[in-house]
>>> print(open('coords-v2.cif').read())   # mmCIF, C-alpha atoms and all ligand atoms
data_coords
loop_
_atom_site.label_atom_id
_atom_site.label_comp_id
_atom_site.auth_asym_id
_atom_site.auth_seq_id
_atom_site.Cartn_x
_atom_site.Cartn_y
_atom_site.Cartn_z
CA MET A 119 -5.27 -4.58 5.64
CA THR A 120 -8.25 -5.60 7.74
CA THR A 121 -7.11 -6.65 11.16
CA PRO A 122 -9.07 -6.70 14.44
CA ILE A 123 -8.52 -4.25 17.24
CA LEU A 124 -5.37 -5.18 19.19
CA PRO A 125 -3.86 -7.04 16.23
CA THR A 126 -1.40 -9.77 17.13
CA SER A 127 1.88 -10.20 15.30
CA VAL A 128 5.42 -11.49 15.72
CA ILE A 129 8.76 -9.73 15.54
CA GLY A 130 10.19 -11.90 12.77
CA SER A 131 12.15 -15.08 13.36
CA TYR A 132 10.46 -18.31 14.39
CA ALA A 133 11.69 -21.37 16.29
CA TRP A 134 13.41 -24.05 14.24
CA PRO A 135 12.00 -27.57 14.12
CA ALA A 136 14.46 -30.30 15.16
CA TRP A 137 14.82 -31.55 11.59
CA LEU A 138 15.97 -28.16 10.31
CA HIS A 139 19.01 -28.28 12.61
CA THR A 140 19.83 -31.78 11.35
CA ALA A 141 19.22 -30.82 7.73
CA LEU A 142 21.43 -27.73 7.89
CA ASP A 143 24.22 -29.77 9.51
CA ALA A 144 23.98 -32.19 6.59
CA ALA A 145 23.95 -29.31 4.11
CA ARG A 146 27.09 -27.86 5.72
CA ARG A 147 28.80 -31.21 5.27
CA GLY A 148 28.01 -30.97 1.55
CA GLU A 149 25.35 -33.69 1.59
CA TYR A 150 22.62 -31.44 0.10
CA GLY A 151 22.36 -30.03 -3.39
CA PRO A 152 20.91 -26.56 -3.90
CA ASP A 153 17.48 -28.02 -4.73
CA ASP A 154 17.52 -30.14 -1.56
CA LEU A 155 18.35 -27.07 0.48
CA ARG A 156 15.66 -24.93 -1.16
CA GLU A 157 13.04 -27.62 -0.58
CA THR A 158 14.11 -27.87 3.08
CA GLN A 159 13.85 -24.13 3.58
CA ASP A 160 10.48 -23.95 1.80
CA ASP A 161 9.22 -26.67 4.16
CA ALA A 162 10.56 -24.73 7.13
CA VAL A 163 8.69 -21.60 6.03
CA ASP A 164 5.51 -23.66 5.59
CA MET A 165 5.89 -24.90 9.16
CA ALA A 166 6.51 -21.41 10.56
CA VAL A 167 3.47 -20.06 8.72
CA ARG A 168 1.32 -22.96 9.91
CA ASP A 169 2.31 -22.52 13.55
CA GLN A 170 1.45 -18.82 13.40
CA GLU A 171 -1.86 -19.47 11.64
CA ASP A 172 -2.76 -22.30 14.02
CA ALA A 173 -2.16 -19.97 16.94
CA GLY A 174 -4.35 -17.33 15.29
CA VAL A 175 -1.71 -14.62 14.81
CA ASP A 176 -3.09 -11.81 12.62
CA ILE A 177 0.03 -10.39 10.92
CA ILE A 178 2.67 -13.01 10.20
CA THR A 179 6.18 -13.41 8.79
CA ASP A 180 7.95 -16.27 7.03
CA GLY A 181 9.75 -16.97 10.30
CA GLU A 182 13.05 -15.85 8.73
CA MET A 183 13.62 -19.56 8.17
CA ARG A 184 16.02 -18.90 5.30
CA ARG A 185 18.20 -16.75 7.54
CA VAL A 186 20.54 -18.87 9.57
CA GLY A 187 20.03 -16.98 12.80
CA PHE A 188 18.84 -13.39 12.93
CA PHE A 189 21.22 -11.50 10.66
CA THR A 190 24.03 -14.00 10.22
CA ALA A 191 25.92 -15.03 7.14
CA GLU A 192 22.74 -15.00 5.10
CA PHE A 193 23.02 -11.22 4.81
CA TYR A 194 26.78 -10.88 4.81
CA GLY A 195 26.91 -13.72 2.30
CA HIS A 196 25.07 -11.48 -0.17
CA MET A 197 27.65 -8.71 0.17
CA THR A 198 30.88 -8.21 -1.71
CA GLY A 199 33.89 -6.31 -0.37
CA LEU A 200 34.09 -8.22 2.91
CA ARG A 201 36.74 -10.53 4.35
CA GLU A 202 35.64 -12.95 7.08
CA LEU A 203 37.49 -12.78 10.39
CA PRO A 204 37.62 -15.75 12.77
CA PRO A 205 35.89 -15.38 16.14
CA ARG A 206 38.11 -14.12 18.97
CA ARG A 207 36.77 -16.83 21.28
CA LYS A 208 36.05 -20.34 20.11
CA VAL A 209 35.50 -22.48 23.21
CA GLY A 210 33.36 -22.33 26.31
CA VAL A 211 29.81 -21.10 26.77
CA VAL A 212 28.18 -19.83 23.60
CA GLY A 213 28.04 -16.06 23.24
CA HIS A 214 28.08 -13.09 20.90
CA ASP A 215 31.87 -13.03 20.94
CA GLN A 216 31.97 -16.45 19.26
CA ARG A 217 30.29 -15.27 16.07
CA GLU A 218 32.24 -14.59 12.94
CA SER A 219 32.83 -11.00 11.90
CA TYR A 220 34.07 -9.22 8.79
CA GLU A 221 36.41 -6.52 7.61
CA ALA A 222 35.73 -4.22 4.66
CA VAL A 223 38.44 -4.65 2.03
CA GLU A 224 36.55 -2.84 -0.76
CA PRO A 225 33.44 -0.64 -0.84
CA ILE A 226 30.57 -2.91 0.22
CA ALA A 227 28.00 -3.86 -2.42
CA ALA A 228 25.20 -6.39 -2.83
CA PRO A 229 24.89 -6.84 -6.58
CA GLU A 230 22.18 -9.50 -6.28
CA GLY A 231 20.32 -7.82 -3.39
CA LEU A 232 19.96 -9.22 0.13
CA GLY A 233 17.58 -12.12 -0.52
CA LEU A 234 14.39 -10.53 0.83
CA LEU A 235 12.64 -10.51 -2.54
CA GLU A 236 13.02 -14.27 -2.81
CA GLU A 237 11.71 -14.66 0.76
CA PHE A 238 8.62 -12.61 -0.03
CA ALA A 239 8.00 -14.26 -3.39
CA TYR A 240 7.64 -17.61 -1.61
CA VAL A 241 5.73 -16.69 1.54
CA ARG A 242 3.11 -14.64 -0.32
CA THR A 243 2.03 -17.87 -2.05
CA ARG A 244 1.70 -19.71 1.28
CA THR A 245 -0.73 -17.57 3.26
CA THR A 246 -3.63 -15.18 2.83
CA ARG A 247 -2.83 -13.30 6.05
CA PRO A 248 -1.16 -9.90 6.05
CA ILE A 249 2.62 -10.32 5.87
CA LYS A 250 5.28 -8.25 7.58
CA MET A 251 8.79 -8.32 6.11
CA PRO A 252 11.49 -7.83 8.76
CA CYS A 253 14.93 -6.58 7.72
CA PRO A 254 17.99 -5.92 9.85
CA GLY A 255 18.89 -2.25 10.00
CA PRO A 256 22.21 -0.84 8.80
CA PHE A 257 23.63 0.09 12.21
CA THR A 258 23.01 -3.40 13.57
CA LEU A 259 24.46 -5.07 10.46
CA ALA A 260 27.48 -2.75 10.63
CA GLY A 261 28.23 -4.03 14.13
CA ARG A 262 30.04 -7.03 12.74
CA ILE A 263 31.93 -5.25 9.97
CA LYS A 264 35.25 -3.64 10.83
CA PRO A 265 35.76 -0.50 8.73
CA GLY A 266 39.25 -1.59 7.60
CA ALA A 267 40.99 0.94 5.36
CA ILE A 268 37.75 1.60 3.43
CA TYR A 269 35.53 3.34 5.97
CA ARG A 270 36.19 5.74 8.82
CA ASP A 271 34.06 4.06 11.50
CA ARG A 272 30.99 1.95 12.17
CA LEU A 273 28.65 4.77 11.26
CA GLU A 274 30.22 5.19 7.84
CA VAL A 275 29.85 1.43 7.27
CA ALA A 276 26.21 1.79 8.33
CA TYR A 277 25.57 4.56 5.81
CA ALA A 278 27.05 2.37 3.05
CA LEU A 279 24.65 -0.41 4.08
CA ALA A 280 21.72 2.04 4.29
CA GLY A 281 21.92 2.55 0.53
CA ILE A 282 21.94 -1.20 -0.12
CA ILE A 283 18.99 -1.78 2.23
CA ASN A 284 17.04 1.16 0.78
CA ARG A 285 17.25 -0.38 -2.70
CA GLU A 286 16.07 -3.73 -1.31
CA LEU A 287 13.11 -2.14 0.50
CA ARG A 288 12.00 -0.18 -2.57
CA ALA A 289 12.12 -3.40 -4.61
CA LEU A 290 10.03 -5.15 -1.94
CA VAL A 291 7.36 -2.46 -2.20
CA GLU A 292 7.35 -2.84 -5.98
CA ALA A 293 6.82 -6.58 -5.47
CA GLY A 294 3.74 -5.88 -3.33
CA VAL A 295 5.05 -5.64 0.24
CA THR A 296 2.95 -3.28 2.37
CA PHE A 297 4.59 -3.65 5.81
CA ILE A 298 8.33 -3.58 6.50
CA GLN A 299 10.05 -3.70 9.89
CA LEU A 300 13.64 -2.59 10.38
CA ASP A 301 15.38 -4.41 13.25
CA GLU A 302 17.87 -2.17 15.02
CA PRO A 303 18.61 -3.65 18.45
CA SER A 304 21.95 -1.85 18.33
CA TYR A 305 20.26 1.55 18.79
CA ALA A 306 19.13 0.54 22.26
CA VAL A 307 22.45 -1.18 22.97
CA HIS A 308 24.48 1.90 22.02
CA ALA A 309 22.07 4.63 23.05
CA GLN A 310 24.30 5.81 25.89
CA ALA A 311 27.45 5.96 23.76
CA GLY A 312 25.97 6.89 20.40
CA SER A 313 23.87 9.83 19.40
CA PRO A 314 20.11 9.18 19.11
CA ALA A 315 19.86 12.07 16.62
CA GLU A 316 22.41 10.32 14.37
CA PHE A 317 20.42 7.06 14.58
CA VAL A 318 17.34 8.97 13.44
CA ARG A 319 19.19 10.48 10.45
CA LEU A 320 20.52 7.05 9.47
CA PHE A 321 17.10 5.42 9.82
CA ASN A 322 15.32 8.07 7.79
CA GLN A 323 17.87 7.75 5.02
CA THR A 324 17.37 3.95 5.03
CA VAL A 325 13.60 4.20 4.52
CA ALA A 326 13.57 7.28 2.27
CA GLY A 327 11.05 6.84 -0.54
CA VAL A 328 9.89 3.43 0.77
CA GLU A 329 6.11 3.64 0.39
CA ALA A 330 4.97 1.06 2.93
CA ARG A 331 3.97 0.85 6.54
CA ILE A 332 7.30 1.01 8.41
CA GLY A 333 8.06 -0.49 11.80
CA LEU A 334 11.20 -0.17 13.90
CA HIS A 335 12.11 -2.96 16.33
CA LEU A 336 14.41 -2.01 19.19
CA CYS A 337 15.51 -4.60 21.72
CA PHE A 338 18.55 -5.35 23.84
CA GLY A 339 19.84 -8.41 22.01
CA ASN A 340 18.63 -12.00 22.00
CA TYR A 341 21.50 -14.13 20.69
CA VAL A 342 21.39 -17.40 22.69
CA GLY A 343 18.72 -15.63 24.70
CA ARG A 344 21.18 -13.15 26.23
CA PRO A 345 20.77 -9.39 26.23
CA VAL A 346 23.93 -7.34 25.62
CA ALA A 347 22.99 -3.95 27.02
CA ARG A 348 21.80 -1.93 29.95
CA ARG A 349 18.16 -2.59 29.34
CA THR A 350 16.73 0.91 29.16
CA TYR A 351 15.08 2.78 26.29
CA ARG A 352 15.14 6.11 28.12
CA PRO A 353 18.30 7.51 26.47
CA LEU A 354 16.61 7.14 23.07
CA PHE A 355 13.61 9.25 24.04
CA PRO A 356 12.27 11.60 22.80
CA HIS A 357 14.65 11.73 19.77
CA ILE A 358 13.67 8.27 18.52
CA LEU A 359 10.13 9.49 17.86
CA ASP A 360 11.52 11.51 14.92
CA VAL A 361 12.14 8.33 12.90
CA HIS A 362 9.98 8.02 9.79
CA ALA A 363 8.31 4.89 11.11
CA ASP A 364 4.64 4.21 11.76
CA GLU A 365 5.30 1.75 14.58
CA LEU A 366 7.88 1.08 17.29
CA ALA A 367 8.23 -2.54 18.43
CA LEU A 368 9.71 -2.60 21.94
CA GLU A 369 10.32 -5.35 24.50
CA PHE A 370 8.58 -5.20 27.86
CA ALA A 371 7.78 -8.74 29.02
CA ASN A 372 11.35 -9.74 29.87
CA ARG A 373 11.69 -6.55 31.89
CA GLU A 374 8.45 -7.09 33.82
CA MET A 375 6.89 -4.15 31.94
CA ALA A 376 9.55 -1.64 33.02
CA GLU A 377 9.41 1.66 31.10
CA ILE A 378 5.97 1.08 29.56
CA ALA A 379 5.14 4.52 31.01
CA LEU A 380 7.66 6.10 28.61
CA TRP A 381 4.83 5.90 26.11
CA ARG A 382 2.72 8.22 28.26
CA GLU A 383 5.66 10.48 29.07
CA PHE A 384 6.45 10.97 25.37
CA PRO A 385 3.15 10.75 23.44
CA SER A 386 3.28 10.14 19.70
CA ASP A 387 1.06 9.18 16.78
CA LYS A 388 3.00 5.99 16.25
CA THR A 389 1.58 2.56 16.93
CA LEU A 390 3.22 0.68 19.79
CA ALA A 391 3.94 -2.98 19.07
CA ALA A 392 4.39 -3.97 22.69
CA GLY A 393 6.47 -7.04 23.48
CA LEU A 394 4.27 -8.84 26.00
CA VAL A 395 5.59 -12.40 25.59
CA ASP A 396 8.98 -13.26 27.09
CA VAL A 397 10.92 -15.19 24.44
CA LYS A 398 13.87 -15.69 26.83
CA ASN A 399 11.89 -17.37 29.60
CA TYR A 400 10.67 -20.97 29.58
CA TYR A 401 7.84 -20.03 31.86
CA VAL A 402 4.92 -20.20 29.45
CA GLU A 403 2.60 -17.29 30.09
CA THR A 404 -1.08 -18.05 30.65
CA PRO A 405 -3.64 -16.17 28.57
CA GLU A 406 -4.53 -14.25 31.74
CA ASP A 407 -0.85 -13.22 32.19
CA ILE A 408 -0.94 -11.77 28.67
CA ALA A 409 -4.29 -10.09 29.26
CA GLU A 410 -2.90 -8.46 32.40
CA ARG A 411 0.11 -7.10 30.48
CA ILE A 412 -2.18 -5.77 27.76
CA ARG A 413 -4.25 -3.97 30.38
CA ARG A 414 -1.03 -2.41 31.71
CA ALA A 415 -0.13 -1.23 28.21
CA LEU A 416 -3.63 0.17 27.68
CA GLU A 417 -3.02 2.49 30.62
CA VAL A 418 -0.55 4.39 28.43
CA VAL A 419 -1.70 3.77 24.84
CA SER A 420 -5.14 3.69 23.22
CA PRO A 421 -6.35 0.34 21.87
CA GLU A 422 -6.31 1.68 18.28
CA LYS A 423 -2.57 2.29 18.64
CA LEU A 424 -1.55 -1.02 20.23
CA THR A 425 -0.29 -4.20 18.56
CA ILE A 426 0.47 -7.30 20.62
CA THR A 427 3.77 -9.09 19.91
CA PRO A 428 6.45 -11.15 21.64
CA ASP A 429 9.51 -9.24 22.88
CA CYS A 430 11.70 -10.41 20.02
CA GLY A 431 12.00 -13.22 17.48
CA PHE A 432 11.63 -16.86 18.51
CA SER A 433 14.80 -18.13 16.82
CA GLN A 434 16.46 -18.63 20.22
CA THR A 435 13.46 -20.40 21.80
CA ALA A 436 12.54 -24.09 21.57
CA ARG A 437 9.64 -24.67 19.21
CA TRP A 438 7.31 -26.27 21.78
CA ALA A 439 7.63 -23.14 23.91
CA ALA A 440 7.24 -20.78 20.96
CA ARG A 441 4.01 -22.51 19.93
CA ALA A 442 2.59 -22.45 23.44
CA LYS A 443 3.56 -18.80 23.90
CA LEU A 444 1.96 -17.74 20.60
CA ARG A 445 -1.27 -19.51 21.55
CA ALA A 446 -1.29 -17.80 24.95
CA MET A 447 -0.61 -14.43 23.29
CA VAL A 448 -3.61 -14.79 21.00
CA GLU A 449 -5.89 -16.16 23.74
CA GLY A 450 -4.88 -13.39 26.12
CA THR A 451 -5.54 -10.79 23.43
CA ARG A 452 -9.01 -12.24 22.85
CA ILE A 453 -9.80 -11.83 26.56
CA VAL A 454 -9.06 -8.10 26.37
CA ARG A 455 -10.85 -7.71 23.02
CA ARG A 456 -13.96 -9.14 24.65
CA GLU A 457 -13.60 -6.65 27.50
CA LEU A 458 -13.22 -3.77 25.03
CA THR A 459 -15.82 -4.66 22.42
CA GLY A 460 -17.95 -7.49 23.74
CA THR A 461 -16.61 -9.68 20.90
CA ALA A 462 -13.32 -11.36 20.11
ZN ZN A 501 14.75 -8.21 19.09
#
>>> encode(input="coords-v2.cif", output="structure tokens", more="lines below")
Ligand SMILES: [Zn+2]
Amino acid sequence: MTTPILPTSVIGSYAWPAWLHTALDAARRGEYGPDDLRETQDDAVDMAVRDQEDAGVDIITDGEMRRVGFFTAEFYGHMTGLRELPPRRKVGVVGHDQRESYEAVEPIAAPEGLGLLEEFAYVRTRTTRPIKMPCPGPFTLAGRIKPGAIYRDRLEVAYALAGIINRELRALVEAGVTFIQLDEPSYAVHAQAGSPAEFVRLFNQTVAGVEARIGLHLCFGNYVGRPVARRTYRPLFPHILDVHADELALEFANREMAEIALWREFPSDKTLAAGLVDVKNYYVETPEDIAERIRRALEVVSPEKLTITPDCGFSQTARWAARAKLRAMVEGTRIVRRELTGTA
């Protein structure tokens, strides 16, 4: 993988074009056949790839355009053994508590996999850039599955999912994937209540035998642009550095760079994918804003160990803003590359 110093990337999801909302509404009403829907989602991936390439992003994703939201029914829809539960709140301002959830009624399985192989098979034909495959982690996915009479608690549900995800990740590597990112916002959300050492054990079991570059994305939640946690990573440190991951992807921009010094306090060999673009703010950063944040990050991490990303996925951001923010991210990175190397 030949990427420049300070490679730019994304976390995973990309902003939806207006027509995708309209198309999915029509599909939900039964107006689309499966071929219509596949064509629509292929087109959406093409658009997400093009926006990232136009902006000049080095390591891209398929925008998670086939996933309706971050880890919604797309994933649970691939699982058997679940019963859907209606949301506890159905009216008023949109929020996490309005999403559907599930209860385990049998041991959970995913006989056809989770859909990531199909995602990769398509996107690899649509770009020559390095591809990262994001995948929700088991603890986060378990957050919307009640254990029922099958499992003891959320952690036991998570371990059941870890086996399913591990099989999917190994199959991805066999298909040619070289970079996988597990998304586990729930670690940061539950760090105070849960045990960081248990998260590490769960993570390492999930990626056991997966021969690829592994990233771990930790954030504080982004559904409808709202965090759901005390926004601190400190309770996870230093335990989280024991995860078998090559890179941690953390959010800093939305917190005005708070806790970036944790990286100096707890040195590691891991790469830091620093979130330096605020996906929850409609203020569009200038390239110089981004350059300034990169310089702050370089006070605590060497340039060889730093990747530049947005805080989180763009699925909750309007597309015009996502495009402008990606362009600023790349331009800002080029400013600092010139300072470091004399070239960009
Ligand atoms: Zn995130």
>>> closest_residue(input="coords-v2.cif", among="A:Cys337, A:Ala136, A:Ala267, A:Ala379", to="A:Arg414", atoms="only C-alpha atoms")
A:Ala379
>>> atom_distance(input="coords-v2.cif", atom1="atom CA of A:Pro229", atom2="atom CA of A:Cys253")
17.4 Å
>>> closest_residue(input="coords-v2.cif", among="A:Arg344, A:Arg262, A:His308, A:Arg217", to="ligand ZN 501 (chain A)", atoms="all atoms listed in the file")
A:Arg344
>>> closest_residue(input="coords-v2.cif", among="A:Gly195, A:Pro314, A:Gly130, A:Gly450", to="ligand ZN 501 (chain A)", atoms="all atoms listed in the file")
A:Gly130
>>> atom_distance(input="coords-v2.cif", atom1="atom CA of A:Gly261", atom2="atom CA of A:Ile298")
21.3 Å
>>> residues_near_ligand(input="coords-v2.cif", ligand="ligand ZN 501 (chain A)", cutoff="8 Å", atoms="all atoms listed in the file", output="PyMOL selection string")
chain A and resi 129+301-303+335-340+369+429-431
>>> write_last_selection(input="coords-v2.cif", atoms="C-alpha atoms", output="PDB file, in the frame of the given file")
ATOM      1  CA  ILE A 129       8.760  -9.730  15.540  1.00  0.00           C
ATOM      2  CA  ASP A 301      15.380  -4.410  13.250  1.00  0.00           C
ATOM      3  CA  GLU A 302      17.870  -2.170  15.020  1.00  0.00           C
ATOM      4  CA  PRO A 303      18.610  -3.650  18.450  1.00  0.00           C
ATOM      5  CA  HIS A 335      12.110  -2.960  16.330  1.00  0.00           C
ATOM      6  CA  LEU A 336      14.410  -2.010  19.190  1.00  0.00           C
ATOM      7  CA  CYS A 337      15.510  -4.600  21.720  1.00  0.00           C
ATOM      8  CA  PHE A 338      18.550  -5.350  23.840  1.00  0.00           C
ATOM      9  CA  GLY A 339      19.840  -8.410  22.010  1.00  0.00           C
ATOM     10  CA  ASN A 340      18.630 -12.000  22.000  1.00  0.00           C
ATOM     11  CA  GLU A 369      10.320  -5.350  24.500  1.00  0.00           C
ATOM     12  CA  ASP A 429       9.510  -9.240  22.880  1.00  0.00           C
ATOM     13  CA  CYS A 430      11.700 -10.410  20.020  1.00  0.00           C
ATOM     14  CA  GLY A 431      12.000 -13.220  17.480  1.00  0.00           C
TER      15      GLY A 431
END
>>> closest_residue(input="coords-v2.cif", among="A:Leu359, A:Val342, A:Ala439, A:Ile426", to="A:Pro135", atoms="all atoms listed in the file")
A:Ala439
>>> atom_distance(input="coords-v2.cif", atom1="atom CA of A:Lys443", atom2="atom CA of A:Ala409")
12.9 Å
